[in-house]
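Data block for structure_19.pdb (PDB, C-alpha atoms):
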ATOM      1  CA  MET A   1     -12.994 -14.945 194.100
ATOM      2  CA  PRO A   2     -12.761 -13.698 197.726
ATOM      3  CA  ASP A   3     -12.127 -16.231 200.463
ATOM      4  CA  PRO A   4     -15.323 -17.378 202.210
ATOM      5  CA  MET A   5     -15.913 -15.592 205.509
ATOM      6  CA  PRO A   6     -16.061 -17.559 208.757
ATOM      7  CA  ALA A   7     -18.392 -16.889 211.657
ATOM      8  CA  LEU A   8     -16.990 -15.424 214.866
ATOM      9  CA  SER A   9     -17.348 -16.308 218.526
ATOM     10  CA  LEU A  10     -18.265 -13.413 220.804
ATOM     11  CA  VAL A  11     -18.631 -13.101 224.583
ATOM     12  CA  ALA A  12     -20.265 -10.185 226.421
ATOM     13  CA  MET A  13     -17.996  -9.794 229.442
ATOM     14  CA  PRO A  14     -19.067  -7.537 232.336
ATOM     15  CA  GLY A  15     -17.833  -3.981 231.925
ATOM     16  CA  ARG A  16     -17.602  -4.084 228.129
ATOM     17  CA  ARG A  17     -21.024  -5.279 227.049
ATOM     18  CA  GLN A  18     -21.837  -2.099 225.116
ATOM     19  CA  LYS A  19     -18.550  -2.387 223.225
ATOM     20  CA  THR A  20     -19.397  -6.027 222.475
ATOM     21  CA  ILE A  21     -22.683  -5.002 220.855
ATOM     22  CA  GLU A  22     -20.837  -2.422 218.752
ATOM     23  CA  LEU A  23     -18.430  -5.157 217.638
ATOM     24  CA  ALA A  24     -21.373  -7.352 216.626
ATOM     25  CA  LYS A  25     -22.660  -4.618 214.328
ATOM     26  CA  GLU A  26     -19.199  -4.235 212.838
ATOM     27  CA  MET A  27     -19.022  -7.994 212.258
ATOM     28  CA  GLU A  28     -22.192  -7.749 210.200
ATOM     29  CA  ASP A  29     -20.910  -4.721 208.281
ATOM     30  CA  ARG A  30     -17.669  -6.560 207.476
ATOM     31  CA  GLY A  31     -19.533  -9.576 206.091
ATOM     32  CA  PHE A  32     -18.747 -12.300 208.601
ATOM     33  CA  GLN A  33     -20.972 -15.342 208.321
ATOM     34  CA  GLY A  34     -22.455 -15.308 211.806
ATOM     35  CA  ILE A  35     -21.945 -14.629 215.512
ATOM     36  CA  PHE A  36     -22.134 -17.493 217.979
ATOM     37  CA  GLY A  37     -21.425 -17.287 221.689
ATOM     38  CA  PRO A  38     -20.497 -19.813 224.373
ATOM     39  CA  SER A  39     -22.624 -20.154 227.488
ATOM     40  CA  PHE A  40     -20.795 -17.756 229.797
ATOM     41  CA  GLY A  41     -21.674 -14.082 229.668
ATOM     42  CA  ASP A  42     -25.431 -14.788 229.210
ATOM     43  CA  VAL A  43     -25.416 -15.724 225.543
ATOM     44  CA  LEU A  44     -29.206 -15.433 225.070
ATOM     45  CA  SER A  45     -29.202 -11.830 226.267
ATOM     46  CA  LEU A  46     -26.276 -11.154 223.953
ATOM     47  CA  CYS A  47     -28.219 -12.632 221.030
ATOM     48  CA  LEU A  48     -31.202 -10.409 221.810
ATOM     49  CA  SER A  49     -29.007  -7.313 221.785
ATOM     50  CA  ILE A  50     -27.323  -8.410 218.551
ATOM     51  CA  GLY A  51     -30.712  -8.977 216.978
ATOM     52  CA  HIS A  52     -31.765  -5.409 217.748
ATOM     53  CA  VAL A  53     -28.641  -3.732 216.309
ATOM     54  CA  THR A  54     -28.211  -5.891 213.183
ATOM     55  CA  GLU A  55     -30.355  -6.728 210.182
ATOM     56  CA  ARG A  56     -28.840  -9.684 208.333
ATOM     57  CA  ILE A  57     -26.252 -11.638 210.297
ATOM     58  CA  PRO A  58     -27.282 -14.943 211.938
ATOM     59  CA  MET A  59     -26.536 -15.338 215.629
ATOM     60  CA  GLY A  60     -26.950 -17.997 218.260
ATOM     61  CA  SER A  61     -25.674 -19.938 221.215
ATOM     62  CA  SER A  62     -22.815 -22.197 220.219
ATOM     63  CA  ILE A  63     -23.770 -24.028 223.360
ATOM     64  CA  LEU A  64     -26.362 -23.422 226.057
ATOM     65  CA  PRO A  65     -25.918 -26.175 228.680
ATOM     66  CA  ILE A  66     -29.161 -28.083 229.185
ATOM     67  CA  TYR A  67     -28.571 -28.686 232.886
ATOM     68  CA  ILE A  68     -28.500 -25.042 233.997
ATOM     69  CA  ARG A  69     -31.788 -23.682 232.591
ATOM     70  CA  PRO A  70     -35.167 -25.460 232.492
ATOM     71  CA  ALA A  71     -36.374 -26.333 229.007
ATOM     72  CA  HIS A  72     -39.674 -24.472 229.509
ATOM     73  CA  ASP A  73     -37.801 -21.266 230.281
ATOM     74  CA  VAL A  74     -35.402 -21.626 227.351
ATOM     75  CA  ALA A  75     -38.287 -22.394 224.986
ATOM     76  CA  ALA A  76     -40.017 -19.088 225.724
ATOM     77  CA  THR A  77     -36.815 -17.086 225.278
ATOM     78  CA  ALA A  78     -35.759 -18.969 222.132
ATOM     79  CA  SER A  79     -39.131 -18.466 220.462
ATOM     80  CA  TYR A  80     -39.047 -14.756 221.277
ATOM     81  CA  LEU A  81     -35.561 -14.464 219.809
ATOM     82  CA  ALA A  82     -36.552 -16.369 216.681
ATOM     83  CA  GLU A  83     -39.474 -14.025 216.107
ATOM     84  CA  VAL A  84     -37.822 -10.665 216.769
ATOM     85  CA  THR A  85     -34.711 -11.544 214.728
ATOM     86  CA  GLY A  86     -36.714 -12.685 211.725
ATOM     87  CA  GLY A  87     -35.489 -16.270 212.019
ATOM     88  CA  ARG A  88     -31.793 -15.397 212.349
ATOM     89  CA  PHE A  89     -31.395 -16.917 215.828
ATOM     90  CA  HIS A  90     -30.031 -20.467 216.237
ATOM     91  CA  LEU A  91     -30.515 -22.301 219.524
ATOM     92  CA  GLY A  92     -27.371 -24.317 220.241
ATOM     93  CA  LEU A  93     -27.795 -26.804 223.083
ATOM     94  CA  GLY A  94     -25.242 -29.028 224.772
ATOM     95  CA  VAL A  95     -24.373 -31.062 227.838
ATOM     96  CA  SER A  96     -21.216 -29.080 228.772
ATOM     97  CA  HIS A  97     -18.430 -30.699 230.799
ATOM     98  CA  ARG A  98     -17.778 -32.225 234.208
ATOM     99  CA  PRO A  99     -15.840 -29.226 235.667
ATOM    100  CA  VAL A 100     -18.787 -26.948 234.835
ATOM    101  CA  HIS A 101     -21.249 -29.381 236.374
ATOM    102  CA  GLN A 102     -19.154 -29.658 239.517
ATOM    103  CA  ARG A 103     -18.731 -25.905 239.847
ATOM    104  CA  LEU A 104     -22.475 -25.346 239.558
ATOM    105  CA  GLY A 105     -23.453 -28.312 241.690
ATOM    106  CA  VAL A 106     -25.382 -29.840 238.784
ATOM    107  CA  THR A 107     -26.459 -33.483 238.790
ATOM    108  CA  VAL A 108     -26.047 -34.985 235.331
ATOM    109  CA  GLY A 109     -28.131 -37.903 234.088
ATOM    110  CA  LYS A 110     -27.794 -39.666 230.745
ATOM    111  CA  PRO A 111     -26.662 -37.050 228.203
ATOM    112  CA  LEU A 112     -28.310 -38.550 225.113
ATOM    113  CA  ALA A 113     -31.641 -39.261 226.795
ATOM    114  CA  ASP A 114     -31.640 -35.939 228.655
ATOM    115  CA  THR A 115     -30.875 -34.005 225.470
ATOM    116  CA  ARG A 116     -33.669 -35.771 223.614
ATOM    117  CA  GLN A 117     -36.153 -34.957 226.388
ATOM    118  CA  TYR A 118     -34.972 -31.343 226.563
ATOM    119  CA  VAL A 119     -35.490 -30.808 222.834
ATOM    120  CA  GLU A 120     -38.875 -32.532 222.934
ATOM    121  CA  THR A 121     -39.980 -30.213 225.730
ATOM    122  CA  ILE A 122     -38.832 -27.126 223.837
ATOM    123  CA  LYS A 123     -40.715 -28.166 220.722
ATOM    124  CA  LYS A 124     -43.846 -28.947 222.737
ATOM    125  CA  VAL A 125     -43.757 -25.608 224.588
ATOM    126  CA  ILE A 126     -43.129 -23.538 221.452
ATOM    127  CA  GLY A 127     -45.702 -25.411 219.403
ATOM    128  CA  ASP A 128     -46.915 -23.290 216.506
ATOM    129  CA  ALA A 129     -44.986 -20.192 217.583
ATOM    130  CA  ALA A 130     -41.669 -19.102 216.055
ATOM    131  CA  MET A 131     -39.258 -22.040 216.262
ATOM    132  CA  PRO A 132     -35.512 -21.446 215.937
ATOM    133  CA  PRO A 133     -33.248 -24.022 214.318
ATOM    134  CA  ILE A 134     -32.023 -26.334 217.083
ATOM    135  CA  VAL A 135     -28.327 -27.169 216.870
ATOM    136  CA  LEU A 136     -26.790 -29.789 219.155
ATOM    137  CA  ALA A 137     -23.256 -29.547 220.486
ATOM    138  CA  THR A 138     -21.651 -32.771 219.400
ATOM    139  CA  LEU A 139     -18.295 -34.469 219.422
ATOM    140  CA  ARG A 140     -18.702 -38.181 218.753
ATOM    141  CA  ASP A 141     -21.076 -40.072 216.498
ATOM    142  CA  LYS A 142     -23.894 -40.886 218.924
ATOM    143  CA  MET A 143     -24.627 -37.220 219.648
ATOM    144  CA  LEU A 144     -24.196 -36.394 215.967
ATOM    145  CA  ASP A 145     -26.761 -39.053 215.096
ATOM    146  CA  LEU A 146     -29.148 -37.549 217.664
ATOM    147  CA  ALA A 147     -28.648 -34.104 216.139
ATOM    148  CA  ILE A 148     -29.466 -35.535 212.714
ATOM    149  CA  GLU A 149     -32.563 -37.254 214.101
ATOM    150  CA  ILE A 150     -34.122 -34.450 216.175
ATOM    151  CA  GLY A 151     -32.238 -31.270 215.308
ATOM    152  CA  ASP A 152     -31.378 -28.861 212.545
ATOM    153  CA  GLY A 153     -27.623 -28.921 212.900
ATOM    154  CA  ALA A 154     -24.547 -29.885 214.878
ATOM    155  CA  VAL A 155     -21.702 -27.831 216.272
ATOM    156  CA  TRP A 156     -18.346 -29.184 217.381
ATOM    157  CA  ALA A 157     -15.693 -27.480 219.495
ATOM    158  CA  ASN A 158     -11.991 -28.143 218.965
ATOM    159  CA  ALA A 159     -12.681 -30.856 216.408
ATOM    160  CA  SER A 160      -9.923 -32.436 214.312
ATOM    161  CA  ARG A 161     -10.052 -31.171 210.755
ATOM    162  CA  SER A 162      -8.686 -34.417 209.319
ATOM    163  CA  TYR A 163     -11.521 -36.366 210.970
ATOM    164  CA  MET A 164     -14.358 -34.035 209.974
ATOM    165  CA  PRO A 165     -15.037 -35.569 206.527
ATOM    166  CA  THR A 166     -15.563 -38.950 208.200
ATOM    167  CA  GLN A 167     -18.215 -37.506 210.486
ATOM    168  CA  THR A 168     -19.802 -35.014 208.099
ATOM    169  CA  ALA A 169     -20.396 -37.868 205.644
ATOM    170  CA  ARG A 170     -23.272 -38.789 207.994
ATOM    171  CA  VAL A 171     -24.928 -35.373 207.591
ATOM    172  CA  PRO A 172     -28.178 -35.345 205.566
ATOM    173  CA  ARG A 173     -28.027 -33.719 202.147
ATOM    174  CA  ASP A 174     -31.787 -33.586 201.547
ATOM    175  CA  ARG A 175     -32.512 -30.738 203.987
ATOM    176  CA  PRO A 176     -30.784 -27.706 205.489
ATOM    177  CA  PHE A 177     -28.420 -28.781 208.261
ATOM    178  CA  PHE A 178     -26.041 -26.483 210.136
ATOM    179  CA  VAL A 179     -22.479 -27.822 210.440
ATOM    180  CA  GLY A 180     -20.295 -25.671 212.677
ATOM    181  CA  ASN A 181     -17.088 -25.963 214.635
ATOM    182  CA  MET A 182     -15.601 -23.611 217.203
ATOM    183  CA  ILE A 183     -11.904 -23.253 216.363
ATOM    184  CA  PRO A 184      -9.343 -21.586 218.665
ATOM    185  CA  THR A 185      -7.523 -19.097 216.447
ATOM    186  CA  VAL A 186      -4.436 -16.950 217.003
ATOM    187  CA  ILE A 187      -2.846 -14.638 214.434
ATOM    188  CA  ASP A 188       0.894 -14.047 214.832
ATOM    189  CA  GLU A 189       3.818 -14.151 212.411
ATOM    190  CA  ASP A 190       5.570 -16.232 215.064
ATOM    191  CA  ARG A 191       3.556 -19.410 214.666
ATOM    192  CA  ASP A 192       5.126 -21.084 217.677
ATOM    193  CA  ALA A 193       3.953 -18.176 219.846
ATOM    194  CA  ALA A 194       0.471 -18.506 218.382
ATOM    195  CA  ARG A 195       0.524 -22.245 218.975
ATOM    196  CA  ALA A 196       1.508 -21.663 222.611
ATOM    197  CA  VAL A 197      -1.689 -19.678 223.184
ATOM    198  CA  ASN A 198      -3.815 -22.382 221.558
ATOM    199  CA  ARG A 199      -1.988 -25.090 223.494
ATOM    200  CA  LYS A 200      -2.856 -23.288 226.737
ATOM    201  CA  THR A 201      -6.485 -22.989 225.616
ATOM    202  CA  LEU A 202      -6.748 -26.733 224.996
ATOM    203  CA  THR A 203      -4.951 -27.827 228.167
ATOM    204  CA  GLY A 204      -8.250 -28.049 230.044
ATOM    205  CA  TYR A 205      -9.872 -30.018 227.247
ATOM    206  CA  VAL A 206      -7.239 -32.749 227.157
ATOM    207  CA  SER A 207      -7.990 -33.375 230.842
ATOM    208  CA  LEU A 208     -11.531 -34.452 229.887
ATOM    209  CA  PRO A 209     -12.018 -38.170 229.080
ATOM    210  CA  ASN A 210     -14.714 -37.518 226.475
ATOM    211  CA  TYR A 211     -12.386 -35.250 224.499
ATOM    212  CA  ARG A 212      -9.476 -37.676 224.759
ATOM    213  CA  ASN A 213     -11.706 -40.475 223.488
ATOM    214  CA  TYR A 214     -12.773 -38.274 220.582
ATOM    215  CA  TRP A 215      -9.166 -37.459 219.661
ATOM    216  CA  LYS A 216      -8.242 -41.141 219.880
ATOM    217  CA  ALA A 217     -11.002 -41.876 217.358
ATOM    218  CA  ALA A 218      -9.571 -39.079 215.219
ATOM    219  CA  GLY A 219      -6.213 -40.877 215.109
ATOM    220  CA  TYR A 220      -4.281 -39.389 218.026
ATOM    221  CA  VAL A 221      -4.028 -42.487 220.201
ATOM    222  CA  GLU A 222      -0.366 -42.072 221.105
ATOM    223  CA  GLU A 223      -0.820 -38.436 222.125
ATOM    224  CA  MET A 224      -3.927 -39.057 224.225
ATOM    225  CA  GLU A 225      -2.559 -42.150 225.953
ATOM    226  CA  GLY A 226       0.605 -40.219 226.761
ATOM    227  CA  ILE A 227      -1.496 -37.408 228.220
ATOM    228  CA  GLU A 228      -3.450 -39.899 230.325
ATOM    229  CA  LYS A 229      -0.238 -41.293 231.812
ATOM    230  CA  ALA A 230       1.095 -37.783 232.419
ATOM    231  CA  ILE A 231      -2.107 -36.738 234.184
ATOM    232  CA  GLU A 232      -1.974 -39.843 236.355
ATOM    233  CA  ALA A 233       1.636 -39.029 237.253
ATOM    234  CA  GLY A 234       0.834 -35.368 237.890
ATOM    235  CA  ASP A 235       3.398 -34.317 235.267
ATOM    236  CA  ARG A 236       2.124 -31.095 233.666
ATOM    237  CA  ASP A 237       5.202 -30.676 231.500
ATOM    238  CA  ALA A 238       4.644 -34.114 229.977
ATOM    239  CA  VAL A 239       1.016 -33.223 229.240
ATOM    240  CA  ALA A 240       2.214 -30.242 227.194
ATOM    241  CA  ARG A 241       4.801 -32.366 225.362
ATOM    242  CA  PHE A 242       2.146 -34.794 224.196
ATOM    243  CA  MET A 243       0.056 -31.871 222.862
ATOM    244  CA  THR A 244       2.100 -32.088 219.662
ATOM    245  CA  ASP A 245       2.135 -29.532 216.854
ATOM    246  CA  ARG A 246       0.680 -32.171 214.524
ATOM    247  CA  TRP A 247      -2.327 -32.648 216.798
ATOM    248  CA  LEU A 248      -2.646 -28.959 217.660
ATOM    249  CA  ASP A 249      -2.605 -27.827 214.020
ATOM    250  CA  ASP A 250      -5.395 -30.288 213.265
ATOM    251  CA  CYS A 251      -7.814 -28.758 215.783
ATOM    252  CA  THR A 252      -6.770 -25.099 216.001
ATOM    253  CA  ILE A 253      -5.717 -22.278 213.676
ATOM    254  CA  SER A 254      -2.485 -20.345 214.103
ATOM    255  CA  GLY A 255       0.117 -18.340 212.233
ATOM    256  CA  SER A 256       0.349 -15.380 209.898
ATOM    257  CA  VAL A 257      -2.657 -13.765 208.240
ATOM    258  CA  THR A 258      -2.041 -15.808 205.101
ATOM    259  CA  GLN A 259      -1.699 -19.037 207.049
ATOM    260  CA  VAL A 260      -4.832 -18.346 209.089
ATOM    261  CA  ARG A 261      -6.945 -17.587 206.027
ATOM    262  CA  GLU A 262      -5.673 -20.727 204.310
ATOM    263  CA  GLN A 263      -6.555 -22.801 207.363
ATOM    264  CA  VAL A 264     -10.065 -21.326 207.572
ATOM    265  CA  GLU A 265     -10.571 -22.240 203.936
ATOM    266  CA  ALA A 266      -9.349 -25.776 204.704
ATOM    267  CA  TRP A 267     -12.089 -26.088 207.334
ATOM    268  CA  PHE A 268     -14.670 -25.248 204.670
ATOM    269  CA  ASP A 269     -13.105 -27.882 202.431
ATOM    270  CA  ALA A 270     -13.393 -30.421 205.277
ATOM    271  CA  GLY A 271     -17.173 -30.079 205.270
ATOM    272  CA  VAL A 272     -17.683 -27.458 207.979
ATOM    273  CA  THR A 273     -20.129 -25.006 206.445
ATOM    274  CA  THR A 274     -19.800 -22.585 209.364
ATOM    275  CA  PRO A 275     -16.297 -22.423 210.858
ATOM    276  CA  ILE A 276     -16.621 -20.385 214.061
ATOM    277  CA  VAL A 277     -13.346 -18.623 214.747
ATOM    278  CA  VAL A 278     -12.696 -18.257 218.494
ATOM    279  CA  PRO A 279     -10.101 -15.487 218.525
ATOM    280  CA  SER A 280      -7.270 -15.170 221.019
ATOM    281  CA  SER A 281      -4.145 -13.047 220.833
ATOM    282  CA  THR A 282      -0.507 -13.255 221.850
ATOM    283  CA  SER A 283      -0.640  -9.594 222.930
ATOM    284  CA  GLY A 284      -4.087  -8.906 224.410
ATOM    285  CA  GLY A 285      -7.579 -10.096 225.235
ATOM    286  CA  GLN A 286     -10.760 -10.700 223.223
ATOM    287  CA  LEU A 287     -10.987  -7.143 221.878
ATOM    288  CA  LYS A 288      -7.419  -7.189 220.557
ATOM    289  CA  ALA A 289      -7.944 -10.647 219.051
ATOM    290  CA  ILE A 290     -11.083  -9.492 217.237
ATOM    291  CA  GLU A 291      -9.240  -6.453 215.900
ATOM    292  CA  GLU A 292      -6.607  -8.830 214.483
ATOM    293  CA  ILE A 293      -9.300 -10.935 212.799
ATOM    294  CA  PHE A 294     -10.897  -7.793 211.345
ATOM    295  CA  ALA A 295      -7.543  -6.734 209.919
ATOM    296  CA  ALA A 296      -6.971 -10.209 208.465
ATOM    297  CA  TYR A 297     -10.253 -10.008 206.530
ATOM    298  CA  ALA A 298     -10.155  -6.296 205.685
TER     299      ALA A 298
END

I'd like the structure from this file rewritten - as structure tokens, please.
Amino acid sequence: MPDPMPALSLVAMPGRRQKTIELAKEMEDRGFQGIFGPSFGDVLSLCLSIGHVTERIPMGSSILPIYIRPAHDVAATASYLAEVTGGRFHLGLGVSHRPVHQRLGVTVGKPLADTRQYVETIKKVIGDAAMPPIVLATLRDKMLDLAIEIGDGAVWANASRSYMPTQTARVPRDRPFFVGNMIPTVIDEDRDAARAVNRKTLTGYVSLPNYRNYWKAAGYVEEMEGIEKAIEAGDRDAVARFMTDRWLDDCTISGSVTQVREQVEAWFDAGVTTPIVVPSSTSGGQLKAIEEIFAAYA
């Protein structure tokens, strides 16, 4: 039996948007499970373009930050996307992170209460029109519980695979519920080189208290406390040393084609029904990384 296919993360960067749409069509033709984009690069516009050039593949925002677009505006766009894609569009909503809020000059309230109100507004505005599945970006249990209460799914980013069964045990089994995770992925026969790319990707995340608290709950107390002390001391080298291979391999994917495919399958086994591969490369940018993923699943 063929290995199950993951979903892919895709970003429409300025200057190569047309090429990005062509890649989306190829992703469908190759049988990938879905296409989900982060907030940058105007993910809703990307989803609209994908919807027009594809016929079967689901697509959506892996996260659209609730503090940068009014709920009334998002509701109109999301309903339009749900209708013209025949129900293939998923609306992923999230709070985002402090550096993003600071860069945009956004004032953040209470994430759980604000998310609840945002979703309520969207549902009220859309009413009887086409309603997309609403997926909440989650990390710890309180947001997961909110997703279970008011949403149609949850999506993690950089989650720990060993901890996923503990959290996914909370997921309802009596109705459809999207369970996704965005996983930094690098294919290279030199696994240490691949790990180095993933380690660089996650350096910004370990600086965030909410992520460190999540990884402590996942069992990485020593690593996260060491990182906290290193950050306080301004010791970047020590931060990297505490980003151990054991921790890194639990929340990213790296290695040869065989190793990467085995790790994707392990994410399915951990209860993630939609692993979202976020491709990077040791020898190029997003386009090269996607080519390497295509070759791995050819």

Reference answer for the PyMOL selection byres ((chain A and resi 59-62) around 9), as a PyMOL selection string: chain A and resi 9+34-39+43-44+46-47+50-51+57-58+63-64+88-94+135-137+155-157+180-182+276

A:Thr185 environment, 6 Å, all atoms listed in the file, sequence neighbours closer than 5 positions dropped, as a ChimeraX atom specification: /A:253-254,278-279

Given all atoms listed in the file as the counted atoms, nearest of A:Phe40, A:Leu23, A:Lys124, A:Ala147 to A:Val11: A:Phe40

Residue IDs satisfying the PyMOL selection byres ((chain A and resi 26) around 12), as a PDB file with C-alpha atoms, keeping the file's coordinate frame:
ATOM      1  CA  LEU A   8     -16.990 -15.424 214.866  1.00  0.00           C
ATOM      2  CA  LYS A  19     -18.550  -2.387 223.225  1.00  0.00           C
ATOM      3  CA  THR A  20     -19.397  -6.027 222.475  1.00  0.00           C
ATOM      4  CA  ILE A  21     -22.683  -5.002 220.855  1.00  0.00           C
ATOM      5  CA  GLU A  22     -20.837  -2.422 218.752  1.00  0.00           C
ATOM      6  CA  LEU A  23     -18.430  -5.157 217.638  1.00  0.00           C
ATOM      7  CA  ALA A  24     -21.373  -7.352 216.626  1.00  0.00           C
ATOM      8  CA  LYS A  25     -22.660  -4.618 214.328  1.00  0.00           C
ATOM      9  CA  MET A  27     -19.022  -7.994 212.258  1.00  0.00           C
ATOM     10  CA  GLU A  28     -22.192  -7.749 210.200  1.00  0.00           C
ATOM     11  CA  ASP A  29     -20.910  -4.721 208.281  1.00  0.00           C
ATOM     12  CA  ARG A  30     -17.669  -6.560 207.476  1.00  0.00           C
ATOM     13  CA  GLY A  31     -19.533  -9.576 206.091  1.00  0.00           C
ATOM     14  CA  PHE A  32     -18.747 -12.300 208.601  1.00  0.00           C
ATOM     15  CA  GLY A  34     -22.455 -15.308 211.806  1.00  0.00           C
ATOM     16  CA  ILE A  35     -21.945 -14.629 215.512  1.00  0.00           C
ATOM     17  CA  ILE A  50     -27.323  -8.410 218.551  1.00  0.00           C
ATOM     18  CA  VAL A  53     -28.641  -3.732 216.309  1.00  0.00           C
ATOM     19  CA  THR A  54     -28.211  -5.891 213.183  1.00  0.00           C
ATOM     20  CA  GLU A  55     -30.355  -6.728 210.182  1.00  0.00           C
ATOM     21  CA  ARG A  56     -28.840  -9.684 208.333  1.00  0.00           C
ATOM     22  CA  ILE A  57     -26.252 -11.638 210.297  1.00  0.00           C
ATOM     23  CA  ILE A 290     -11.083  -9.492 217.237  1.00  0.00           C
ATOM     24  CA  GLU A 291      -9.240  -6.453 215.900  1.00  0.00           C
ATOM     25  CA  ILE A 293      -9.300 -10.935 212.799  1.00  0.00           C
ATOM     26  CA  PHE A 294     -10.897  -7.793 211.345  1.00  0.00           C
ATOM     27  CA  ALA A 298     -10.155  -6.296 205.685  1.00  0.00           C
TER      28      ALA A 298
END

Output of the PyMOL selection byres ((chain A and resi 209) around 12), listed as a list in words: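 Applying the PyMOL selection byres ((chain A and resi 209) around 12) to the structure shown produces His97, Arg98, Pro99, Gly204, Tyr205, Val206, Ser207, Leu208, Asn210, Tyr211, Arg212, Asn213, Tyr214, Trp215, Lys216, Met224, Glu225, Ile227, Glu228 and Ile231 of chain A.
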
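Using only C-alpha atoms for every distance, the candidate list A:Arg170, A:Leu112, A:Ser79, A:Pro4 yields A:Ser79 as the residue closest to A:Ile134.
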
Among listed residues A:Thr85, A:Val197, A:Gly234, A:Gln259, nearest A:Thr282 (using all atoms listed in the file): A:Val197

One-decimal distance in Å that lies between atom CA of A:Pro133 and atom CA of A:Phe177: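 Computing the Euclidean distance for atom CA of A:Phe177 and atom CA of A:Pro133 yields 9.1 Å.
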
Length of the atom CA of A:Gly219 to atom CA of A:Thr252 vector [Å]: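 For atom CA of A:Gly219 relative to atom CA of A:Thr252, the distance reads 15.8 Å.
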
Atomic distance atom CA of A:Thr273 - atom CA of A:Glu83, expressed in Å with one decimal: 24.3 Å

Within-7 Å shell of (-27.0, -26.2, 229.8) in input frame, only C-alpha atoms, as number ranges by chain: A: 64-69, 93-96

A:Ala266 environment, 12 Å, all atoms listed in the file, sequence neighbours closer than 5 positions dropped, as an MDAnalysis selection string: chainID A and resid 3:4 6 160:162 164:165 249:253 259:261 271:275

Shortest interatomic distance to A:Gly284 - which of A:Trp247, A:Ala270, A:Ala238, A:Asp188, counting all atoms listed in the file: A:Asp188

Top pick for closest residue to A:Val257, considering A:Glu189, A:Asp245, A:Glu223, A:Asp237 and counting only C-alpha atoms: A:Glu189

Residue nearest A:Asn158 - candidates A:Thr258, A:Thr203, A:Gln286, A:Ser281, atoms counted: only C-alpha atoms: A:Thr203
